[in-house]
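Data block for coords-v1.cif (mmCIF, N, CA and C atoms):
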data_protein
#
loop_
_atom_site.group_PDB
_atom_site.id
_atom_site.type_symbol
_atom_site.label_atom_id
_atom_site.label_comp_id
_atom_site.auth_asym_id
_atom_site.auth_seq_id
_atom_site.Cartn_x
_atom_site.Cartn_y
_atom_site.Cartn_z
ATOM 1 N N MET L 1 -28.009 -26.850 6.431
ATOM 2 C CA MET L 1 -26.655 -27.286 6.717
ATOM 3 C C MET L 1 -25.692 -26.884 5.584
ATOM 4 N N GLN L 2 -26.135 -27.090 4.341
ATOM 5 C CA GLN L 2 -25.287 -26.734 3.203
ATOM 6 C C GLN L 2 -25.072 -25.227 3.136
ATOM 7 N N GLN L 3 -26.104 -24.478 3.471
ATOM 8 C CA GLN L 3 -25.983 -23.020 3.447
ATOM 9 C C GLN L 3 -24.965 -22.555 4.483
ATOM 10 N N MET L 4 -24.967 -23.158 5.656
ATOM 11 C CA MET L 4 -24.009 -22.812 6.689
ATOM 12 C C MET L 4 -22.593 -23.185 6.248
ATOM 13 N N GLN L 5 -22.474 -24.324 5.601
ATOM 14 C CA GLN L 5 -21.167 -24.772 5.118
ATOM 15 C C GLN L 5 -20.654 -23.812 4.035
ATOM 16 N N TYR L 6 -21.551 -23.376 3.151
ATOM 17 C CA TYR L 6 -21.173 -22.426 2.111
ATOM 18 C C TYR L 6 -20.711 -21.106 2.726
ATOM 19 N N GLY L 7 -21.441 -20.634 3.755
ATOM 20 C CA GLY L 7 -21.060 -19.408 4.440
ATOM 21 C C GLY L 7 -19.687 -19.515 5.080
ATOM 22 N N MET L 8 -19.398 -20.650 5.660
ATOM 23 C CA MET L 8 -18.081 -20.862 6.273
ATOM 24 C C MET L 8 -16.989 -20.889 5.216
ATOM 25 N N GLN L 9 -17.282 -21.468 4.062
ATOM 26 C CA GLN L 9 -16.296 -21.504 2.976
ATOM 27 C C GLN L 9 -16.017 -20.096 2.455
ATOM 28 N N GLU L 10 -17.061 -19.277 2.369
ATOM 29 C CA GLU L 10 -16.872 -17.891 1.943
ATOM 30 C C GLU L 10 -16.009 -17.126 2.936
ATOM 31 N N GLN L 11 -16.272 -17.313 4.217
ATOM 32 C CA GLN L 11 -15.477 -16.645 5.245
ATOM 33 C C GLN L 11 -14.025 -17.098 5.186
ATOM 34 N N GLN L 12 -13.835 -18.382 4.987
ATOM 35 C CA GLN L 12 -12.479 -18.923 4.900
ATOM 36 C C GLN L 12 -11.750 -18.335 3.686
ATOM 37 N N ALA L 13 -12.437 -18.216 2.562
ATOM 38 C CA ALA L 13 -11.828 -17.634 1.362
ATOM 39 C C ALA L 13 -11.458 -16.175 1.606
ATOM 40 N N GLN L 14 -12.324 -15.426 2.304
ATOM 41 C CA GLN L 14 -12.039 -14.019 2.604
ATOM 42 C C GLN L 14 -10.837 -13.889 3.531
ATOM 43 N N ILE L 15 -10.765 -14.738 4.523
ATOM 44 C CA ILE L 15 -9.626 -14.712 5.445
ATOM 45 C C ILE L 15 -8.337 -15.029 4.693
ATOM 46 N N HIS L 16 -8.397 -16.011 3.806
ATOM 47 C CA HIS L 16 -7.219 -16.371 3.014
ATOM 48 C C HIS L 16 -6.778 -15.189 2.143
ATOM 49 N N GLN L 17 -7.752 -14.483 1.522
ATOM 50 C CA GLN L 17 -7.429 -13.326 0.693
ATOM 51 C C GLN L 17 -6.806 -12.219 1.535
ATOM 52 N N ASP L 18 -7.369 -11.967 2.714
ATOM 53 C CA ASP L 18 -6.828 -10.927 3.602
ATOM 54 C C ASP L 18 -5.402 -11.246 4.024
ATOM 55 N N ILE L 19 -5.152 -12.478 4.404
ATOM 56 C CA ILE L 19 -3.810 -12.883 4.831
ATOM 57 C C ILE L 19 -2.829 -12.776 3.670
ATOM 58 N N SER L 20 -3.263 -13.174 2.495
ATOM 59 C CA SER L 20 -2.408 -13.084 1.319
ATOM 60 C C SER L 20 -2.015 -11.633 1.035
ATOM 61 N N CYS L 21 -2.981 -10.728 1.153
ATOM 62 C CA CYS L 21 -2.716 -9.302 0.932
ATOM 63 C C CYS L 21 -1.764 -8.765 1.993
ATOM 64 N N PHE L 22 -2.003 -9.096 3.263
ATOM 65 C CA PHE L 22 -1.126 -8.638 4.347
ATOM 66 C C PHE L 22 0.296 -9.162 4.151
ATOM 67 N N ASP L 23 0.414 -10.441 3.787
ATOM 68 C CA ASP L 23 1.740 -11.022 3.556
ATOM 69 C C ASP L 23 2.454 -10.312 2.420
ATOM 70 N N HIS L 24 1.739 -10.097 1.321
ATOM 71 C CA HIS L 24 2.335 -9.408 0.177
ATOM 72 C C HIS L 24 2.820 -8.018 0.584
ATOM 73 N N ASN L 25 1.932 -7.245 1.234
ATOM 74 C CA ASN L 25 2.281 -5.871 1.598
ATOM 75 C C ASN L 25 3.437 -5.826 2.587
ATOM 76 N N ASN L 26 3.478 -6.737 3.531
ATOM 77 C CA ASN L 26 4.595 -6.756 4.480
ATOM 78 C C ASN L 26 5.911 -7.071 3.777
ATOM 79 N N PHE L 27 5.881 -7.993 2.822
ATOM 80 C CA PHE L 27 7.099 -8.309 2.081
ATOM 81 C C PHE L 27 7.527 -7.122 1.215
ATOM 82 N N MET L 28 6.570 -6.430 0.601
ATOM 83 C CA MET L 28 6.897 -5.256 -0.223
ATOM 84 C C MET L 28 7.486 -4.146 0.651
ATOM 85 N N ARG L 29 6.957 -3.977 1.862
ATOM 86 C CA ARG L 29 7.518 -2.979 2.789
ATOM 87 C C ARG L 29 8.965 -3.317 3.128
ATOM 88 N N LEU L 30 9.219 -4.589 3.359
ATOM 89 C CA LEU L 30 10.583 -5.029 3.661
ATOM 90 C C LEU L 30 11.510 -4.698 2.496
ATOM 91 N N LEU L 31 11.087 -4.989 1.282
ATOM 92 C CA LEU L 31 11.910 -4.668 0.112
ATOM 93 C C LEU L 31 12.084 -3.162 -0.044
ATOM 94 N N ASN L 32 11.027 -2.403 0.158
ATOM 95 C CA ASN L 32 11.116 -0.939 0.050
ATOM 96 C C ASN L 32 12.047 -0.347 1.103
ATOM 97 N N SER L 33 12.151 -1.001 2.246
ATOM 98 C CA SER L 33 13.003 -0.460 3.318
ATOM 99 C C SER L 33 14.489 -0.502 2.961
ATOM 100 N N SER L 34 14.854 -1.285 1.958
ATOM 101 C CA SER L 34 16.268 -1.370 1.566
ATOM 102 C C SER L 34 16.623 -0.410 0.431
ATOM 103 N N ILE L 35 15.674 0.366 -0.034
ATOM 104 C CA ILE L 35 15.927 1.304 -1.136
ATOM 105 C C ILE L 35 16.813 2.445 -0.644
ATOM 106 N N THR L 36 17.860 2.710 -1.414
ATOM 107 C CA THR L 36 18.849 3.704 -1.006
ATOM 108 C C THR L 36 18.929 4.916 -1.938
ATOM 109 N N HIS L 37 18.197 4.878 -3.052
ATOM 110 C CA HIS L 37 18.286 5.975 -4.007
ATOM 111 C C HIS L 37 16.910 6.226 -4.627
ATOM 112 N N SER L 38 16.652 7.461 -4.973
ATOM 113 C CA SER L 38 15.321 7.854 -5.449
ATOM 114 C C SER L 38 14.935 7.277 -6.805
ATOM 115 N N ASP L 39 15.893 6.738 -7.565
ATOM 116 C CA ASP L 39 15.537 6.187 -8.875
ATOM 117 C C ASP L 39 15.370 4.665 -8.858
ATOM 118 N N ILE L 40 15.413 4.048 -7.694
ATOM 119 C CA ILE L 40 15.201 2.602 -7.570
ATOM 120 C C ILE L 40 13.706 2.333 -7.504
ATOM 121 N N HIS L 41 13.280 1.311 -8.217
ATOM 122 C CA HIS L 41 11.868 0.957 -8.328
ATOM 123 C C HIS L 41 11.262 0.595 -6.971
ATOM 124 N N LEU L 42 10.107 1.208 -6.648
ATOM 125 C CA LEU L 42 9.369 0.867 -5.436
ATOM 126 C C LEU L 42 8.520 -0.376 -5.677
ATOM 127 N N GLN L 43 8.370 -1.187 -4.665
ATOM 128 C CA GLN L 43 7.510 -2.349 -4.751
ATOM 129 C C GLN L 43 6.088 -1.921 -4.407
ATOM 130 N N THR L 44 5.152 -2.234 -5.273
ATOM 131 C CA THR L 44 3.767 -1.801 -5.147
ATOM 132 C C THR L 44 3.016 -2.615 -4.105
ATOM 133 N N LEU L 45 2.280 -1.920 -3.249
ATOM 134 C CA LEU L 45 1.422 -2.587 -2.282
ATOM 135 C C LEU L 45 0.077 -2.908 -2.931
ATOM 136 N N TYR L 46 -0.671 -3.815 -2.294
ATOM 137 C CA TYR L 46 -1.992 -4.212 -2.784
ATOM 138 C C TYR L 46 -3.083 -3.542 -1.966
ATOM 139 N N ASP L 47 -4.230 -3.345 -2.606
ATOM 140 C CA ASP L 47 -5.389 -2.798 -1.913
ATOM 141 C C ASP L 47 -6.156 -3.920 -1.209
ATOM 142 N N ILE L 48 -7.295 -3.597 -0.614
ATOM 143 C CA ILE L 48 -8.049 -4.592 0.150
ATOM 144 C C ILE L 48 -8.652 -5.685 -0.733
ATOM 145 N N LEU L 49 -8.676 -5.469 -2.048
ATOM 146 C CA LEU L 49 -9.164 -6.490 -2.974
ATOM 147 C C LEU L 49 -8.029 -7.354 -3.510
ATOM 148 N N ASN L 50 -6.833 -7.172 -2.911
ATOM 149 C CA ASN L 50 -5.654 -7.948 -3.284
ATOM 150 C C ASN L 50 -5.197 -7.648 -4.717
ATOM 151 N N GLN L 51 -5.356 -6.386 -5.115
ATOM 152 C CA GLN L 51 -4.933 -5.921 -6.432
ATOM 153 C C GLN L 51 -3.882 -4.824 -6.261
ATOM 154 N N PRO L 52 -2.944 -4.709 -7.198
ATOM 155 C CA PRO L 52 -1.969 -3.617 -7.105
ATOM 156 C C PRO L 52 -2.682 -2.272 -7.030
ATOM 157 N N ILE L 53 -2.187 -1.405 -6.169
ATOM 158 C CA ILE L 53 -2.809 -0.090 -5.984
ATOM 159 C C ILE L 53 -2.550 0.764 -7.216
ATOM 160 N N GLU L 54 -3.637 1.232 -7.803
ATOM 161 C CA GLU L 54 -3.547 2.069 -8.994
ATOM 162 C C GLU L 54 -2.918 3.413 -8.643
ATOM 163 N N GLY L 55 -1.988 3.875 -9.466
ATOM 164 C CA GLY L 55 -1.342 5.164 -9.257
ATOM 165 C C GLY L 55 -0.187 5.129 -8.271
ATOM 166 N N PHE L 56 0.230 3.923 -7.866
ATOM 167 C CA PHE L 56 1.342 3.792 -6.923
ATOM 168 C C PHE L 56 2.607 4.334 -7.590
ATOM 169 N N PRO L 57 3.391 5.156 -6.890
ATOM 170 C CA PRO L 57 4.595 5.734 -7.517
ATOM 171 C C PRO L 57 5.615 4.644 -7.869
ATOM 172 N N GLN L 58 6.261 4.820 -9.008
ATOM 173 C CA GLN L 58 7.238 3.833 -9.455
ATOM 174 C C GLN L 58 8.558 3.938 -8.698
ATOM 175 N N THR L 59 8.933 5.146 -8.318
ATOM 176 C CA THR L 59 10.203 5.376 -7.623
ATOM 177 C C THR L 59 10.002 6.457 -6.555
ATOM 178 N N GLY L 60 11.009 6.636 -5.723
ATOM 179 C CA GLY L 60 10.976 7.726 -4.758
ATOM 180 C C GLY L 60 10.922 9.080 -5.439
ATOM 181 N N ALA L 61 11.573 9.188 -6.606
ATOM 182 C CA ALA L 61 11.535 10.443 -7.365
ATOM 183 C C ALA L 61 10.113 10.733 -7.839
ATOM 184 N N HIS L 62 9.403 9.694 -8.271
ATOM 185 C CA HIS L 62 8.007 9.894 -8.681
ATOM 186 C C HIS L 62 7.158 10.341 -7.497
ATOM 187 N N LEU L 63 7.397 9.760 -6.338
ATOM 188 C CA LEU L 63 6.668 10.151 -5.137
ATOM 189 C C LEU L 63 6.933 11.613 -4.798
ATOM 190 N N ARG L 64 8.181 12.034 -4.920
ATOM 191 C CA ARG L 64 8.562 13.416 -4.630
ATOM 192 C C ARG L 64 7.877 14.371 -5.606
ATOM 193 N N ALA L 65 7.627 13.912 -6.831
ATOM 194 C CA ALA L 65 7.047 14.769 -7.867
ATOM 195 C C ALA L 65 5.525 14.839 -7.815
ATOM 196 N N PHE L 66 4.888 14.092 -6.925
ATOM 197 C CA PHE L 66 3.428 14.164 -6.823
ATOM 198 C C PHE L 66 3.004 15.601 -6.613
ATOM 199 N N ASP L 67 1.842 15.924 -7.129
ATOM 200 C CA ASP L 67 1.374 17.307 -7.166
ATOM 201 C C ASP L 67 1.408 18.005 -5.811
ATOM 202 N N VAL L 68 1.579 19.292 -5.876
ATOM 203 C CA VAL L 68 1.693 20.115 -4.679
ATOM 204 C C VAL L 68 0.381 20.116 -3.891
ATOM 205 N N ILE L 69 -0.738 20.072 -4.581
ATOM 206 C CA ILE L 69 -2.041 20.075 -3.907
ATOM 207 C C ILE L 69 -2.237 18.769 -3.143
ATOM 208 N N GLY L 70 -1.632 17.720 -3.617
ATOM 209 C CA GLY L 70 -1.690 16.457 -2.894
ATOM 210 C C GLY L 70 -2.803 15.531 -3.327
ATOM 211 N N GLY L 71 -3.450 15.795 -4.444
ATOM 212 C CA GLY L 71 -4.546 14.949 -4.901
ATOM 213 C C GLY L 71 -4.144 13.502 -5.105
ATOM 214 N N GLN L 72 -3.037 13.280 -5.798
ATOM 215 C CA GLN L 72 -2.578 11.911 -6.051
ATOM 216 C C GLN L 72 -2.215 11.218 -4.749
ATOM 217 N N LEU L 73 -1.479 11.914 -3.925
ATOM 218 C CA LEU L 73 -1.010 11.339 -2.670
ATOM 219 C C LEU L 73 -2.165 11.070 -1.715
ATOM 220 N N LYS L 74 -3.081 12.002 -1.615
ATOM 221 C CA LYS L 74 -4.231 11.812 -0.728
ATOM 222 C C LYS L 74 -5.110 10.657 -1.208
ATOM 223 N N ALA L 75 -5.212 10.473 -2.511
ATOM 224 C CA ALA L 75 -5.977 9.337 -3.043
ATOM 225 C C ALA L 75 -5.327 8.021 -2.611
ATOM 226 N N LEU L 76 -3.993 7.961 -2.663
ATOM 227 C CA LEU L 76 -3.294 6.751 -2.220
ATOM 228 C C LEU L 76 -3.487 6.517 -0.723
ATOM 229 N N LEU L 77 -3.432 7.580 0.060
ATOM 230 C CA LEU L 77 -3.642 7.444 1.506
ATOM 231 C C LEU L 77 -5.043 6.913 1.795
ATOM 232 N N LYS L 78 -6.028 7.379 1.048
ATOM 233 C CA LYS L 78 -7.403 6.906 1.239
ATOM 234 C C LYS L 78 -7.526 5.422 0.918
ATOM 235 N N VAL L 79 -6.891 4.992 -0.181
ATOM 236 C CA VAL L 79 -6.925 3.569 -0.548
ATOM 237 C C VAL L 79 -6.328 2.718 0.566
ATOM 238 N N LEU L 80 -5.293 3.235 1.213
ATOM 239 C CA LEU L 80 -4.629 2.508 2.297
ATOM 240 C C LEU L 80 -5.303 2.729 3.651
ATOM 241 N N ASP L 81 -6.395 3.474 3.648
ATOM 242 C CA ASP L 81 -7.159 3.764 4.866
ATOM 243 C C ASP L 81 -6.304 4.495 5.898
ATOM 244 N N LEU L 82 -5.501 5.454 5.401
ATOM 245 C CA LEU L 82 -4.656 6.276 6.261
ATOM 246 C C LEU L 82 -5.205 7.692 6.311
ATOM 247 N N PRO L 83 -4.899 8.437 7.378
ATOM 248 C CA PRO L 83 -5.378 9.822 7.472
ATOM 249 C C PRO L 83 -4.842 10.681 6.329
ATOM 250 N N VAL L 84 -5.638 11.627 5.886
ATOM 251 C CA VAL L 84 -5.234 12.519 4.796
ATOM 252 C C VAL L 84 -5.056 13.963 5.267
ATOM 253 N N ASP L 85 -5.023 14.148 6.585
ATOM 254 C CA ASP L 85 -4.871 15.503 7.119
ATOM 255 C C ASP L 85 -3.412 15.938 7.071
ATOM 256 N N GLY L 86 -3.195 17.231 7.212
ATOM 257 C CA GLY L 86 -1.845 17.782 7.177
ATOM 258 C C GLY L 86 -1.483 18.286 5.795
ATOM 259 N N ASP L 87 -0.308 18.912 5.714
ATOM 260 C CA ASP L 87 0.143 19.429 4.422
ATOM 261 C C ASP L 87 0.741 18.301 3.587
ATOM 262 N N ILE L 88 1.192 18.650 2.395
ATOM 263 C CA ILE L 88 1.706 17.640 1.452
ATOM 264 C C ILE L 88 2.894 16.879 2.030
ATOM 265 N N GLU L 89 3.766 17.561 2.767
ATOM 266 C CA GLU L 89 4.922 16.882 3.352
ATOM 267 C C GLU L 89 4.506 15.903 4.443
ATOM 268 N N ASP L 90 3.512 16.265 5.251
ATOM 269 C CA ASP L 90 2.990 15.336 6.261
ATOM 270 C C ASP L 90 2.435 14.085 5.589
ATOM 271 N N CYS L 91 1.662 14.299 4.536
ATOM 272 C CA CYS L 91 1.075 13.163 3.808
ATOM 273 C C CYS L 91 2.158 12.305 3.167
ATOM 274 N N ARG L 92 3.173 12.960 2.593
ATOM 275 C CA ARG L 92 4.254 12.222 1.946
ATOM 276 C C ARG L 92 5.014 11.370 2.973
ATOM 277 N N ARG L 93 5.313 11.951 4.126
ATOM 278 C CA ARG L 93 6.018 11.190 5.177
ATOM 279 C C ARG L 93 5.172 10.017 5.675
ATOM 280 N N ARG L 94 3.885 10.253 5.844
ATOM 281 C CA ARG L 94 2.978 9.193 6.297
ATOM 282 C C ARG L 94 2.960 8.040 5.283
ATOM 283 N N PHE L 95 2.864 8.399 4.010
ATOM 284 C CA PHE L 95 2.847 7.386 2.957
ATOM 285 C C PHE L 95 4.168 6.630 2.906
ATOM 286 N N MET L 96 5.277 7.361 2.955
ATOM 287 C CA MET L 96 6.597 6.734 2.894
ATOM 288 C C MET L 96 6.787 5.759 4.051
ATOM 289 N N LYS L 97 6.399 6.168 5.229
ATOM 290 C CA LYS L 97 6.532 5.294 6.392
ATOM 291 C C LYS L 97 5.689 4.033 6.211
ATOM 292 N N TYR L 98 4.478 4.194 5.719
ATOM 293 C CA TYR L 98 3.577 3.055 5.570
ATOM 294 C C TYR L 98 4.092 2.045 4.546
ATOM 295 N N ILE L 99 4.701 2.530 3.454
ATOM 296 C CA ILE L 99 5.167 1.605 2.419
ATOM 297 C C ILE L 99 6.570 1.075 2.694
ATOM 298 N N GLY L 100 7.181 1.511 3.803
ATOM 299 C CA GLY L 100 8.465 0.967 4.200
ATOM 300 C C GLY L 100 9.674 1.795 3.868
ATOM 301 N N LEU L 101 9.495 2.939 3.217
ATOM 302 C CA LEU L 101 10.659 3.774 2.902
ATOM 303 C C LEU L 101 11.208 4.393 4.181
ATOM 304 N N VAL L 102 12.483 4.213 4.401
ATOM 305 C CA VAL L 102 13.092 4.743 5.609
ATOM 306 C C VAL L 102 13.939 5.979 5.333
ATOM 307 N N ARG L 103 14.177 6.279 4.049
ATOM 308 C CA ARG L 103 14.956 7.459 3.671
ATOM 309 C C ARG L 103 14.063 8.406 2.885
ATOM 310 N N GLU L 104 14.251 9.694 3.104
ATOM 311 C CA GLU L 104 13.533 10.689 2.308
ATOM 312 C C GLU L 104 14.366 11.012 1.088
ATOM 313 N N PHE L 105 13.680 11.236 -0.028
ATOM 314 C CA PHE L 105 14.370 11.552 -1.274
ATOM 315 C C PHE L 105 14.015 12.936 -1.727
#

Could you render the structure as structure tokens?
Amino acid sequence: MQQMQYGMQEQQAQIHQDISCFDHNNFMRLLNSSITHSDIHLQTLYDILNQPIEGFPQTGAHLRAFDVIGGQLKALLKVLDLPVDGDIEDCRRRFMKYIGLVREF
């Protein structure tokens, strides 16, 4: 009985962590959607462990400057469990849309 109760508590904690991450990311997307200039700070999304995503661009200008090969950008897409196919511009648009940016810089 105690083992079952412990398992339920673990599941509840995981659900709480997932909801917290989703809430955070949705709020960050909302804030990012109001950005009007490439030098305004982007709000960082969290990964599935509810931690800030490492290597997240600080501004739209930083995102634009990501390498031509797309290594940095493709790594971010993988962390977000998004497709990494297409050229660098396809990946950049996919990332921008996912994080809430509505304007290209």

Kindly indicate which residue among L:Val79, L:Ile19, L:Ile35, L:Ala65 lies nearest to Asp47 in chain L, using all atoms listed in the file for the distances. L:Val79

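The space separating atom C of Ser38 in chain L from atom C of Ala61 in chain L comes to 6.0 Å.
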
Hey, which of L:Ser33, L:Thr59, L:Gln51, L:Gln72 ends up closest to Gln17 in chain L? Count only C-alpha atoms. L:Gln51

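Considering all atoms listed in the file, the residue among L:Thr44, L:Gln14, L:Gly71, L:Asp85 positioned nearest to Gln58 in chain L is L:Thr44.
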
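Counting from atom N of Glu54 in chain L, the distance to atom C of Asp39 in chain L is 19.3 Å.
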
When DSSP is applied to the backbone of this structure, which of chain L are assigned alpha helix (DSSP H)? Write them out as a ChimeraX atom specification. /L:2-32,60-64,71-79,88-99

Find the spatial neighbours of Asp81 in chain L, counting only C-alpha atoms, within a cut-off of 12 Å - ignore same-chain residues fewer than 4 positions away - and output them as a VMD selection string. chain L and resid 47 to 48 74 to 77 94 to 95 98

Can you tell me, as lines of an AutoDock Vina configuration file, the centre and edge lengths (Å, one decimal) of the axis-aligned box enclosing all of range 7-23 of chain L's listed atoms after padding each side by 4 Å?
center_x = -9.5
center_y = -15.1
center_z = 3.5
size_x = 31.9
size_y = 20.9
size_z = 13.6

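When atom N of Asn26 in chain L is paired with CA of Asn50 in chain L, their separation reads 11.5 Å.
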